[in-house]
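What's in protein.cif: mmCIF, C-alpha atoms
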```
data_coords
#
loop_
_atom_site.group_PDB
_atom_site.id
_atom_site.type_symbol
_atom_site.label_atom_id
_atom_site.label_comp_id
_atom_site.auth_asym_id
_atom_site.auth_seq_id
_atom_site.Cartn_x
_atom_site.Cartn_y
_atom_site.Cartn_z
ATOM 1 C CA MET A 444 -26.689 23.810 31.394
ATOM 2 C CA SER A 445 -26.172 20.421 29.701
ATOM 3 C CA HIS A 446 -28.361 18.960 26.948
ATOM 4 C CA SER A 447 -29.997 16.390 29.260
ATOM 5 C CA ASP A 448 -30.632 19.084 31.907
ATOM 6 C CA ARG A 449 -32.464 21.160 29.308
ATOM 7 C CA LEU A 450 -34.633 18.196 28.306
ATOM 8 C CA GLN A 451 -35.354 17.393 31.953
ATOM 9 C CA GLN A 452 -36.297 21.020 32.543
ATOM 10 C CA ARG A 453 -38.719 20.925 29.637
ATOM 11 C CA ILE A 454 -40.389 17.770 31.031
ATOM 12 C CA ASP A 455 -40.573 19.307 34.506
ATOM 13 C CA SER A 456 -42.108 22.520 33.209
ATOM 14 C CA TYR A 457 -44.770 20.505 31.298
ATOM 15 C CA LEU A 458 -45.625 18.579 34.471
ATOM 16 C CA MET A 459 -45.636 21.765 36.566
ATOM 17 C CA GLU A 460 -48.065 23.355 34.127
ATOM 18 C CA LEU A 461 -50.259 20.250 34.313
ATOM 19 C CA ARG A 462 -50.142 20.383 38.111
ATOM 20 C CA ARG A 463 -51.179 24.052 38.010
ATOM 21 C CA CYS A 464 -54.094 23.276 35.663
ATOM 22 C CA LEU A 465 -55.235 20.356 37.856
ATOM 23 C CA GLY A 466 -55.619 22.879 40.703
ATOM 24 C CA GLU A 467 -58.701 21.807 42.623
ATOM 25 C CA LEU A 468 -58.142 18.026 42.612
ATOM 26 C CA PRO A 469 -57.151 16.201 45.831
ATOM 27 C CA PRO A 470 -53.319 16.022 46.270
ATOM 28 C CA ASP A 471 -53.241 12.186 46.120
ATOM 29 C CA GLU A 472 -55.039 12.219 42.810
ATOM 30 C CA VAL A 473 -52.721 14.919 41.419
ATOM 31 C CA ARG A 474 -49.653 12.898 42.471
ATOM 32 C CA ASP A 475 -51.092 9.808 40.768
ATOM 33 C CA ILE A 476 -51.839 11.672 37.533
ATOM 34 C CA LEU A 477 -48.407 13.325 37.377
ATOM 35 C CA GLN A 478 -46.651 10.017 38.030
ATOM 36 C CA GLU A 479 -48.574 8.336 35.227
ATOM 37 C CA ILE A 480 -47.956 11.158 32.723
ATOM 38 C CA ARG A 481 -44.281 11.341 33.705
ATOM 39 C CA GLY A 482 -43.972 7.580 33.077
ATOM 40 C CA HIS A 483 -45.596 8.035 29.676
ATOM 41 C CA ILE A 484 -43.143 10.780 28.669
ATOM 42 C CA LEU A 485 -40.098 8.844 29.881
ATOM 43 C CA GLU A 486 -41.173 5.682 28.105
ATOM 44 C CA ARG A 487 -41.884 7.479 24.838
ATOM 45 C CA ALA A 488 -38.497 9.205 25.193
ATOM 46 C CA GLU A 489 -36.698 5.865 25.757
ATOM 47 C CA ALA A 490 -38.443 4.349 22.743
ATOM 48 C CA SER A 491 -37.402 7.248 20.509
ATOM 49 C CA GLY A 492 -33.690 6.330 20.620
ATOM 50 C CA GLU A 493 -31.370 9.243 21.295
ATOM 51 C CA LEU A 494 -33.635 11.934 22.711
ATOM 52 C CA THR A 495 -33.360 15.351 21.121
ATOM 53 C CA GLU A 496 -35.203 18.544 21.941
ATOM 54 C CA GLU A 497 -37.172 18.186 18.713
ATOM 55 C CA LYS A 498 -38.278 14.643 19.600
ATOM 56 C CA LEU A 499 -39.295 15.728 23.090
ATOM 57 C CA VAL A 500 -41.373 18.574 21.670
ATOM 58 C CA GLY A 501 -43.087 15.968 19.464
ATOM 59 C CA ILE A 502 -43.758 13.656 22.444
ATOM 60 C CA LEU A 503 -45.258 16.477 24.505
ATOM 61 C CA GLY A 504 -47.228 17.704 21.489
ATOM 62 C CA ASN A 505 -48.751 14.232 20.949
ATOM 63 C CA LEU A 506 -49.624 14.084 24.621
ATOM 64 C CA GLY A 507 -51.670 17.292 24.318
ATOM 65 C CA ARG A 508 -51.591 20.656 26.068
ATOM 66 C CA PRO A 509 -51.915 20.576 29.889
ATOM 67 C CA GLU A 510 -54.781 23.084 29.706
ATOM 68 C CA ASP A 511 -56.689 20.683 27.409
ATOM 69 C CA ILE A 512 -56.016 17.518 29.436
ATOM 70 C CA ALA A 513 -56.579 18.856 32.966
ATOM 71 C CA PRO A 514 -60.298 19.790 32.570
ATOM 72 C CA LEU A 515 -61.026 16.197 31.535
ATOM 73 C CA TYR A 516 -59.764 15.007 34.923
ATOM 74 C CA GLN A 517 -61.431 17.844 36.817
ATOM 75 C CA ALA A 518 -64.876 17.159 35.400
ATOM 76 C CA ASP A 519 -64.589 13.489 36.367
ATOM 77 C CA SER A 520 -63.177 14.068 39.802
ATOM 78 C CA LEU A 521 -65.608 16.809 40.749
ATOM 79 C CA LEU A 522 -68.597 14.739 39.626
ATOM 80 C CA ALA A 523 -67.301 11.627 41.382
ATOM 81 C CA ARG A 524 -66.876 13.534 44.663
ATOM 82 C CA ALA A 525 -70.228 15.327 44.286
ATOM 83 C CA ARG A 526 -72.063 12.004 43.756
ATOM 84 C CA THR A 527 -71.074 10.761 47.207
ATOM 85 C CA SER A 528 -70.858 14.061 49.083
ATOM 86 C CA LEU A 529 -73.247 15.504 51.653
ATOM 87 C CA SER A 530 -71.930 19.030 51.117
ATOM 88 C CA PRO A 531 -74.478 21.237 49.287
ATOM 89 C CA SER A 532 -71.590 23.421 48.091
ATOM 90 C CA LEU A 533 -69.728 20.493 46.458
ATOM 91 C CA ILE A 534 -72.928 19.044 45.025
ATOM 92 C CA LEU A 535 -73.905 22.402 43.519
ATOM 93 C CA ARG A 536 -70.407 22.805 42.041
ATOM 94 C CA GLY A 537 -70.768 19.374 40.442
ATOM 95 C CA MET A 538 -74.206 20.343 39.115
ATOM 96 C CA LEU A 539 -72.815 23.638 37.814
ATOM 97 C CA ARG A 540 -70.107 21.773 35.905
ATOM 98 C CA TRP A 541 -72.807 19.597 34.348
ATOM 99 C CA ALA A 542 -75.023 22.649 33.698
ATOM 100 C CA MET A 543 -72.252 24.294 31.692
ATOM 101 C CA LEU A 544 -72.163 21.328 29.297
ATOM 102 C CA SER A 545 -75.771 20.301 28.712
ATOM 103 C CA VAL A 546 -79.319 21.691 28.760
ATOM 104 C CA LYS A 547 -80.451 18.809 30.986
ATOM 105 C CA GLY A 548 -77.682 19.647 33.446
ATOM 106 C CA PHE A 549 -78.697 23.324 33.397
ATOM 107 C CA VAL A 550 -82.370 22.543 34.127
ATOM 108 C CA LEU A 551 -81.470 20.193 36.985
ATOM 109 C CA PHE A 552 -78.995 22.728 38.373
ATOM 110 C CA MET A 553 -81.808 25.305 38.473
ATOM 111 C CA VAL A 554 -84.072 22.791 40.272
ATOM 112 C CA GLY A 555 -81.299 22.224 42.825
ATOM 113 C CA LEU A 556 -80.702 25.935 43.247
ATOM 114 C CA LEU A 557 -84.425 26.488 43.868
ATOM 115 C CA GLY A 558 -84.564 23.639 46.410
ATOM 116 C CA TYR A 559 -81.561 24.918 48.357
ATOM 117 C CA SER A 560 -82.806 28.533 48.204
ATOM 118 C CA LEU A 561 -86.174 27.547 49.676
ATOM 119 C CA ALA A 562 -84.505 25.414 52.361
ATOM 120 C CA VAL A 563 -82.105 28.195 53.361
ATOM 121 C CA GLY A 564 -84.945 30.765 53.274
ATOM 122 C CA LEU A 565 -87.103 28.677 55.638
ATOM 123 C CA LEU A 566 -84.229 27.986 58.039
ATOM 124 C CA ALA A 567 -83.230 31.679 58.026
ATOM 125 C CA SER A 568 -86.835 32.729 58.689
ATOM 126 C CA ALA A 569 -87.068 30.342 61.662
ATOM 127 C CA VAL A 570 -83.871 31.773 63.151
ATOM 128 C CA GLY A 571 -84.962 35.333 62.244
ATOM 129 C CA LYS A 572 -88.256 34.813 64.082
ATOM 130 C CA ILE A 573 -86.332 34.060 67.268
ATOM 131 C CA ILE A 574 -84.053 37.099 66.866
ATOM 132 C CA ALA A 575 -86.683 39.631 65.667
ATOM 133 C CA PRO A 576 -90.149 38.176 66.434
ATOM 134 C CA HIS A 577 -92.100 41.302 65.405
ATOM 135 C CA GLN A 578 -90.361 41.852 62.067
ATOM 136 C CA VAL A 579 -90.134 38.247 60.804
ATOM 137 C CA GLY A 580 -93.124 35.994 60.162
ATOM 138 C CA ALA A 581 -95.420 34.298 57.655
ATOM 139 C CA TRP A 582 -97.536 37.064 56.146
ATOM 140 C CA VAL A 583 -100.820 36.932 54.254
ATOM 141 C CA SER A 584 -102.425 39.816 52.397
ATOM 142 C CA PRO A 585 -105.405 39.598 50.017
ATOM 143 C CA ARG A 586 -103.119 38.795 47.098
ATOM 144 C CA THR A 587 -99.835 37.521 48.492
ATOM 145 C CA PHE A 588 -98.221 35.106 50.881
ATOM 146 C CA SER A 589 -94.650 35.637 52.020
ATOM 147 C CA ILE A 590 -92.252 34.430 54.675
ATOM 148 C CA GLY A 591 -89.616 36.755 56.112
ATOM 149 C CA THR A 592 -89.828 40.461 56.827
ATOM 150 C CA ASN A 593 -92.907 42.430 55.767
ATOM 151 C CA SER A 594 -93.393 45.932 54.376
ATOM 152 C CA ASN A 595 -97.063 45.624 53.404
ATOM 153 C CA PRO A 596 -99.257 47.286 56.076
ATOM 154 C CA ALA A 597 -102.301 45.318 54.851
ATOM 155 C CA ALA A 598 -100.639 41.934 55.530
ATOM 156 C CA ARG A 599 -101.298 39.991 58.724
ATOM 157 C CA GLU A 600 -99.109 37.406 60.353
ATOM 158 C CA VAL A 601 -100.583 33.903 60.367
ATOM 159 C CA LEU A 602 -98.174 31.406 61.940
ATOM 160 C CA GLY A 603 -96.795 33.316 64.913
ATOM 161 C CA TRP A 604 -94.230 31.279 66.861
ATOM 162 C CA TRP A 605 -95.149 28.172 64.869
ATOM 163 C CA LEU A 606 -92.842 29.560 62.174
ATOM 164 C CA VAL A 607 -89.832 28.463 64.267
ATOM 165 C CA PRO A 608 -90.511 24.690 64.424
ATOM 166 C CA LEU A 609 -92.141 24.648 60.990
ATOM 167 C CA GLY A 610 -89.295 26.611 59.375
ATOM 168 C CA LEU A 611 -86.628 24.470 61.029
ATOM 169 C CA GLY A 612 -88.461 21.211 60.245
ATOM 170 C CA VAL A 613 -89.528 21.886 56.664
ATOM 171 C CA GLY A 614 -86.232 23.697 55.886
ATOM 172 C CA THR A 615 -84.203 20.702 57.097
ATOM 173 C CA VAL A 616 -86.370 18.236 55.163
ATOM 174 C CA MET A 617 -85.967 20.356 52.012
ATOM 175 C CA LEU A 618 -82.207 20.574 52.518
ATOM 176 C CA VAL A 619 -81.871 16.802 52.869
ATOM 177 C CA ALA A 620 -84.366 16.050 50.080
ATOM 178 C CA THR A 621 -82.629 18.449 47.654
ATOM 179 C CA THR A 622 -79.242 16.936 48.484
ATOM 180 C CA ARG A 623 -80.498 13.378 47.944
ATOM 181 C CA LEU A 624 -82.315 14.354 44.742
ATOM 182 C CA LEU A 625 -79.258 16.108 43.263
ATOM 183 C CA ARG A 626 -77.005 13.186 44.158
ATOM 184 C CA TRP A 627 -79.463 10.901 42.384
ATOM 185 C CA PHE A 628 -79.473 13.228 39.328
ATOM 186 C CA LEU A 629 -75.663 13.247 39.315
ATOM 187 C CA ARG A 630 -75.618 9.468 38.769
ATOM 188 C CA PHE A 631 -76.800 10.210 35.241
ATOM 189 C CA ALA A 632 -74.331 13.020 34.594
ATOM 190 C CA ARG A 633 -71.989 12.091 31.800
ATOM 191 C CA ILE A 634 -69.587 14.776 30.798
ATOM 192 C CA ARG A 635 -68.468 14.264 27.273
ATOM 193 C CA ARG A 636 -64.874 13.349 26.962
ATOM 194 C CA PRO A 637 -62.779 14.802 25.477
ATOM 195 C CA THR A 638 -64.530 18.107 26.036
ATOM 196 C CA GLY A 639 -62.875 19.913 23.153
ATOM 197 C CA ASP A 640 -61.977 18.764 19.696
ATOM 198 C CA SER A 641 -58.615 20.434 20.173
ATOM 199 C CA ALA A 642 -57.901 17.939 22.911
ATOM 200 C CA LEU A 643 -58.668 15.040 20.633
ATOM 201 C CA ALA A 644 -56.951 15.985 17.427
ATOM 202 C CA ARG A 645 -53.363 14.939 17.115
ATOM 203 C CA PRO A 646 -51.348 18.089 16.491
ATOM 204 C CA MET B 1161 -62.702 27.046 -2.508
ATOM 205 C CA VAL B 1162 -64.141 28.306 0.783
ATOM 206 C CA MET B 1163 -67.076 25.885 0.470
ATOM 207 C CA LYS B 1164 -64.699 22.983 -0.103
ATOM 208 C CA ARG B 1165 -62.718 23.927 3.003
ATOM 209 C CA GLU B 1166 -65.931 24.144 5.049
ATOM 210 C CA SER B 1167 -67.001 20.730 3.802
ATOM 211 C CA GLU B 1168 -63.578 19.249 4.717
ATOM 212 C CA THR B 1169 -63.826 20.805 8.208
ATOM 213 C CA ALA B 1170 -67.326 19.357 8.686
ATOM 214 C CA ALA B 1171 -66.094 15.911 7.595
ATOM 215 C CA GLY B 1172 -63.137 16.195 10.006
ATOM 216 C CA ASN B 1173 -65.453 17.176 12.869
ATOM 217 C CA TRP B 1174 -67.754 14.258 12.090
ATOM 218 C CA GLU B 1175 -64.837 11.822 12.077
ATOM 219 C CA ARG B 1176 -63.626 13.155 15.437
ATOM 220 C CA GLN B 1177 -67.127 12.722 16.910
ATOM 221 C CA VAL B 1178 -67.250 9.140 15.622
ATOM 222 C CA HIS B 1179 -63.823 8.398 17.109
ATOM 223 C CA LYS B 1180 -64.856 9.857 20.453
ATOM 224 C CA GLY B 1181 -67.928 7.620 20.537
ATOM 225 C CA TRP B 1182 -65.923 4.467 19.895
ATOM 226 C CA LEU B 1183 -63.043 5.196 22.232
ATOM 227 C CA GLU B 1184 -64.523 3.788 25.432
ATOM 228 C CA LEU B 1185 -65.404 0.479 23.774
ATOM 229 C CA ALA B 1186 -61.952 0.316 22.156
ATOM 230 C CA ILE B 1187 -60.244 0.800 25.531
ATOM 231 C CA LEU B 1188 -62.416 -1.821 27.250
ATOM 232 C CA ALA B 1189 -61.836 -4.228 24.349
ATOM 233 C CA SER B 1190 -58.063 -3.756 24.548
ATOM 234 C CA LEU B 1191 -58.219 -4.865 28.199
ATOM 235 C CA TRP B 1192 -60.378 -7.925 27.489
ATOM 236 C CA GLU B 1193 -57.539 -10.467 27.527
ATOM 237 C CA GLN B 1194 -54.844 -8.935 29.650
ATOM 238 C CA LYS B 1195 -53.731 -6.278 32.088
ATOM 239 C CA LEU B 1196 -52.160 -3.313 30.319
ATOM 240 C CA TYR B 1197 -50.698 0.039 31.324
ATOM 241 C CA GLY B 1198 -51.696 3.327 29.657
ATOM 242 C CA LEU B 1199 -49.050 3.415 26.934
ATOM 243 C CA ASP B 1200 -49.692 -0.268 26.135
ATOM 244 C CA ILE B 1201 -53.384 0.472 25.640
ATOM 245 C CA LEU B 1202 -52.476 3.394 23.418
ATOM 246 C CA ARG B 1203 -50.206 1.167 21.315
ATOM 247 C CA ARG B 1204 -53.021 -1.389 20.964
ATOM 248 C CA LEU B 1205 -55.347 1.384 19.798
ATOM 249 C CA GLU B 1206 -52.729 2.641 17.347
ATOM 250 C CA SER B 1207 -52.057 -0.800 15.871
ATOM 251 C CA ASP B 1208 -55.545 -2.371 15.945
ATOM 252 C CA SER B 1209 -57.793 0.603 15.317
ATOM 253 C CA ASP B 1210 -57.703 3.924 13.554
ATOM 254 C CA LEU B 1211 -58.559 5.928 16.660
ATOM 255 C CA VAL B 1212 -56.076 8.761 16.273
ATOM 256 C CA MET B 1213 -56.158 10.982 19.339
ATOM 257 C CA ALA B 1214 -54.066 13.197 21.559
ATOM 258 C CA GLU B 1215 -52.333 10.661 23.750
ATOM 259 C CA GLY B 1216 -53.010 12.528 26.985
ATOM 260 C CA THR B 1217 -56.777 12.145 26.618
ATOM 261 C CA ILE B 1218 -56.669 8.398 27.260
ATOM 262 C CA TYR B 1219 -55.653 8.832 30.909
ATOM 263 C CA PRO B 1220 -58.722 10.871 32.002
ATOM 264 C CA ILE B 1221 -60.920 8.274 30.255
ATOM 265 C CA LEU B 1222 -59.175 5.464 32.160
ATOM 266 C CA SER B 1223 -59.627 7.488 35.349
ATOM 267 C CA ARG B 1224 -63.373 7.722 34.690
ATOM 268 C CA LEU B 1225 -63.633 4.012 33.911
ATOM 269 C CA LYS B 1226 -62.046 3.373 37.289
ATOM 270 C CA THR B 1227 -64.458 5.776 39.016
ATOM 271 C CA ASP B 1228 -67.339 3.930 37.333
ATOM 272 C CA GLY B 1229 -65.988 0.600 38.640
ATOM 273 C CA LEU B 1230 -65.330 -0.813 35.167
ATOM 274 C CA VAL B 1231 -61.561 -1.166 35.600
ATOM 275 C CA ASP B 1232 -59.242 -1.613 38.533
ATOM 276 C CA THR B 1233 -55.606 -0.484 38.808
ATOM 277 C CA LYS B 1234 -52.320 -1.231 40.484
ATOM 278 C CA TRP B 1235 -48.939 0.489 40.396
ATOM 279 C CA VAL B 1236 -46.187 -1.991 39.499
ATOM 280 C CA GLU B 1237 -42.471 -1.324 39.826
ATOM 281 C CA GLY B 1238 -40.856 -2.759 36.705
ATOM 282 C CA GLU B 1239 -37.685 -2.874 34.683
ATOM 283 C CA ALA B 1240 -38.596 0.454 33.105
ATOM 284 C CA GLY B 1241 -37.035 2.340 36.046
ATOM 285 C CA HIS B 1242 -40.331 3.992 36.886
ATOM 286 C CA PRO B 1243 -43.618 2.504 38.091
ATOM 287 C CA ARG B 1244 -46.359 1.642 35.625
ATOM 288 C CA LYS B 1245 -50.052 1.834 36.427
ATOM 289 C CA TYR B 1246 -51.695 -1.359 35.186
ATOM 290 C CA TYR B 1247 -55.397 -1.556 34.332
ATOM 291 C CA TRP B 1248 -57.676 -4.566 34.082
ATOM 292 C CA LEU B 1249 -61.402 -5.141 33.656
ATOM 293 C CA THR B 1250 -63.574 -5.764 36.709
ATOM 294 C CA ALA B 1251 -66.579 -8.113 36.458
ATOM 295 C CA ALA B 1252 -68.777 -5.052 35.809
ATOM 296 C CA GLY B 1253 -66.279 -3.887 33.159
ATOM 297 C CA ARG B 1254 -66.433 -7.239 31.360
ATOM 298 C CA ARG B 1255 -70.228 -7.134 31.364
ATOM 299 C CA ARG B 1256 -70.223 -3.560 30.066
ATOM 300 C CA ALA B 1257 -67.642 -4.351 27.362
ATOM 301 C CA LEU B 1258 -69.724 -7.331 26.196
ATOM 302 C CA GLU B 1259 -72.941 -5.279 26.098
ATOM 303 C CA MET B 1260 -71.214 -2.520 24.142
ATOM 304 C CA ALA B 1261 -69.597 -5.004 21.738
ATOM 305 C CA ARG B 1262 -72.955 -6.704 21.026
ATOM 306 C CA TYR B 1263 -74.646 -3.371 20.430
ATOM 307 C CA ALA B 1264 -71.766 -2.095 18.269
ATOM 308 C CA SER B 1265 -71.764 -5.240 16.139
ATOM 309 C CA SER B 1266 -75.502 -5.085 15.455
ATOM 310 C CA PHE B 1267 -75.362 -1.315 14.901
ATOM 311 C CA LEU B 1268 -72.478 -1.606 12.424
ATOM 312 C CA GLY B 1269 -74.318 -4.361 10.541
ATOM 313 C CA ARG B 1270 -77.368 -2.139 10.071
ATOM 314 C CA ILE B 1271 -75.308 0.889 9.066
ATOM 315 C CA ASN B 1272 -73.403 -1.278 6.621
ATOM 316 C CA ASP B 1273 -76.671 -2.393 5.008
ATOM 317 C CA LEU B 1274 -77.664 1.248 4.703
ATOM 318 C CA ILE B 1275 -74.457 2.539 3.153
ATOM 319 C CA SER B 1276 -73.452 -0.409 0.967
ATOM 320 C CA PRO B 1277 -75.586 0.823 -2.017
ATOM 321 C CA LEU B 1278 -73.602 4.090 -1.930
ATOM 322 C CA LEU B 1279 -70.309 2.254 -2.121
ATOM 323 C CA GLU B 1280 -71.535 -0.156 -4.819
ATOM 324 C CA ARG B 1281 -72.626 2.765 -6.948
ATOM 325 C CA GLU B 1282 -69.236 4.410 -6.486
ATOM 326 C CA GLU B 1283 -67.434 1.218 -7.585
ATOM 327 C CA LYS B 1284 -69.478 1.093 -10.805
#
```
Serialized structure, structure tokens:
Amino acid sequence: MSHSDRLQQRIDSYLMELRRCLGELPPDEVRDILQEIRGHILERAEASGELTEEKLVGILGNLGRPEDIAPLYQADSLLARARTSLSPSLILRGMLRWAMLSVKGFVLFMVGLLGYSLAVGLLASAVGKIIAPHQVGAWVSPRTFSIGTNSNPAAREVLGWWLVPLGLGVGTVMLVATTRLLRWFLRFARIRRPTGDSALARP
Amino acid sequence: MVMKRESETAAGNWERQVHKGWLELAILASLWEQKLYGLDILRRLESDSDLVMAEGTIYPILSRLKTDGLVDTKWVEGEAGHPRKYYWLTAAGRRRALEMARYASSFLGRINDLISPLLEREEK
């Protein structure tokens, strides 16, 4: 293997590692990022005169480790997609990313989780009422109120078949309202960049 | 000895935090007069400011500025033999840069008033 082949291989393996770390990003975005970083390496290499292995190691070192750089893109991309998405799963993943980095994000993630849990619970109860009308219902006992199945012999069912339209209606409204609320919250999500001091410090 | 090392580490951490805070304004300011590509911006930061950083971190920041609508981009095939991604400020980016610059200038003035007695005492 020639000298230039070895250098090329080192550049390729850096970019492959970056591609691996960028994992969940859309392919177009990954291609764009790799093209830009490749251009950076090549230009630094051209500017360094005759490129040696030592100089290339320095260029890649100044660029930073792929595992430090990639999360900075992922946080941005995930939040950007979550802000405009209608998918509860994507929105919750965006909220989770925020929750892992700030107390405010954590509190709002819990609010979102509660909203989606209630929405799913109501929708599931409405469907459950159709499938098993005697086991599923809205139950009231002297001290409790619950929706779903019941194991308390003292509880009595209060809504009957009304649980189906009410569960479907209120569940859907909660699902949409939670989604819109979380998307609104995400407008204020700012993930600190760079996330780690190691990513900032020049080696 | 250990205490001195801890104090140096704390000072280093503080400096890194300060640099992080200024980076976005520095990038927007470097794009104020012209379109630049990533490495060009980095060279401007190296020559005109003391914002030492891992070079790879500038690209995710530029990506976020684009997502926020503060900069726009275009790939340009050039003499370099590989395409370069050029960045320039959008109208929103110019407004944001100006707001940040005004705030930074006033903020620095106040901080300077606060710390100048320390430096005067040190000179004496």
Exercise for the section: Can you give me, as number ranges by chain, the residues this file yields under the PyMOL selection byres ((chain A and resi 552-556) around 12)? Expected result: A: 531-532, 534-551, 557-564, 617-629, 632
Protein and nucleic acid residues near (-59.2, 12.7, 39.9) (cut-off 10 Å, only C-alpha atoms) as a compact mmCIF listing (two decimals) with C-alpha atoms, in the coordinates of the input:
```txt
# COMPACT_ATOMS: atom_id res chain seq x y z
CA LEU A 465 -55.24 20.36 37.86
CA GLU A 467 -58.70 21.81 42.62
CA LEU A 468 -58.14 18.03 42.61
CA PRO A 469 -57.15 16.20 45.83
CA PRO A 470 -53.32 16.02 46.27
CA ASP A 471 -53.24 12.19 46.12
CA GLU A 472 -55.04 12.22 42.81
CA VAL A 473 -52.72 14.92 41.42
CA ARG A 474 -49.65 12.90 42.47
CA ASP A 475 -51.09 9.81 40.77
CA ILE A 476 -51.84 11.67 37.53
CA ALA A 513 -56.58 18.86 32.97
CA LEU A 515 -61.03 16.20 31.54
CA TYR A 516 -59.76 15.01 34.92
CA GLN A 517 -61.43 17.84 36.82
CA ALA A 518 -64.88 17.16 35.40
CA ASP A 519 -64.59 13.49 36.37
CA SER A 520 -63.18 14.07 39.80
CA LEU A 521 -65.61 16.81 40.75
CA LEU A 522 -68.60 14.74 39.63
CA ALA A 523 -67.30 11.63 41.38
CA ARG A 524 -66.88 13.53 44.66
CA PRO B 1220 -58.72 10.87 32.00
CA SER B 1223 -59.63 7.49 35.35
CA ARG B 1224 -63.37 7.72 34.69
CA THR B 1227 -64.46 5.78 39.02
```
Problem - B:Glu1193, B:Leu1230, B:Glu1206, B:Ser1276 ranked by distance to Arg1256 (chain B), top pick (using all atoms listed in the file) - result: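 Of B:Glu1193, B:Leu1230, B:Glu1206, B:Ser1276, the one nearest Arg1256 (chain B) is B:Leu1230, counting all atoms listed in the file.
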Handout entry: Within 12 Å of Gln451 (chain A) using only C-alpha atoms, minus same-chain residues under 3 positions, as a list in words
Key = Met444, Ser445, His446, Ser447, Asp448, Ile454, Asp455, Ser456, Tyr457, Leu458, Arg481, Ile484, Leu485, Ala488, Leu494, Thr495, Glu496, Leu499 and Val500 of chain A
Practice task
May I have the residues of chain B within 7 Å of chain A, counting only C-alpha atoms, written as a ChimeraX atom specification?
Solution key: /B:1199,1212-1217,1220,1224,1227,1242,1244-1245
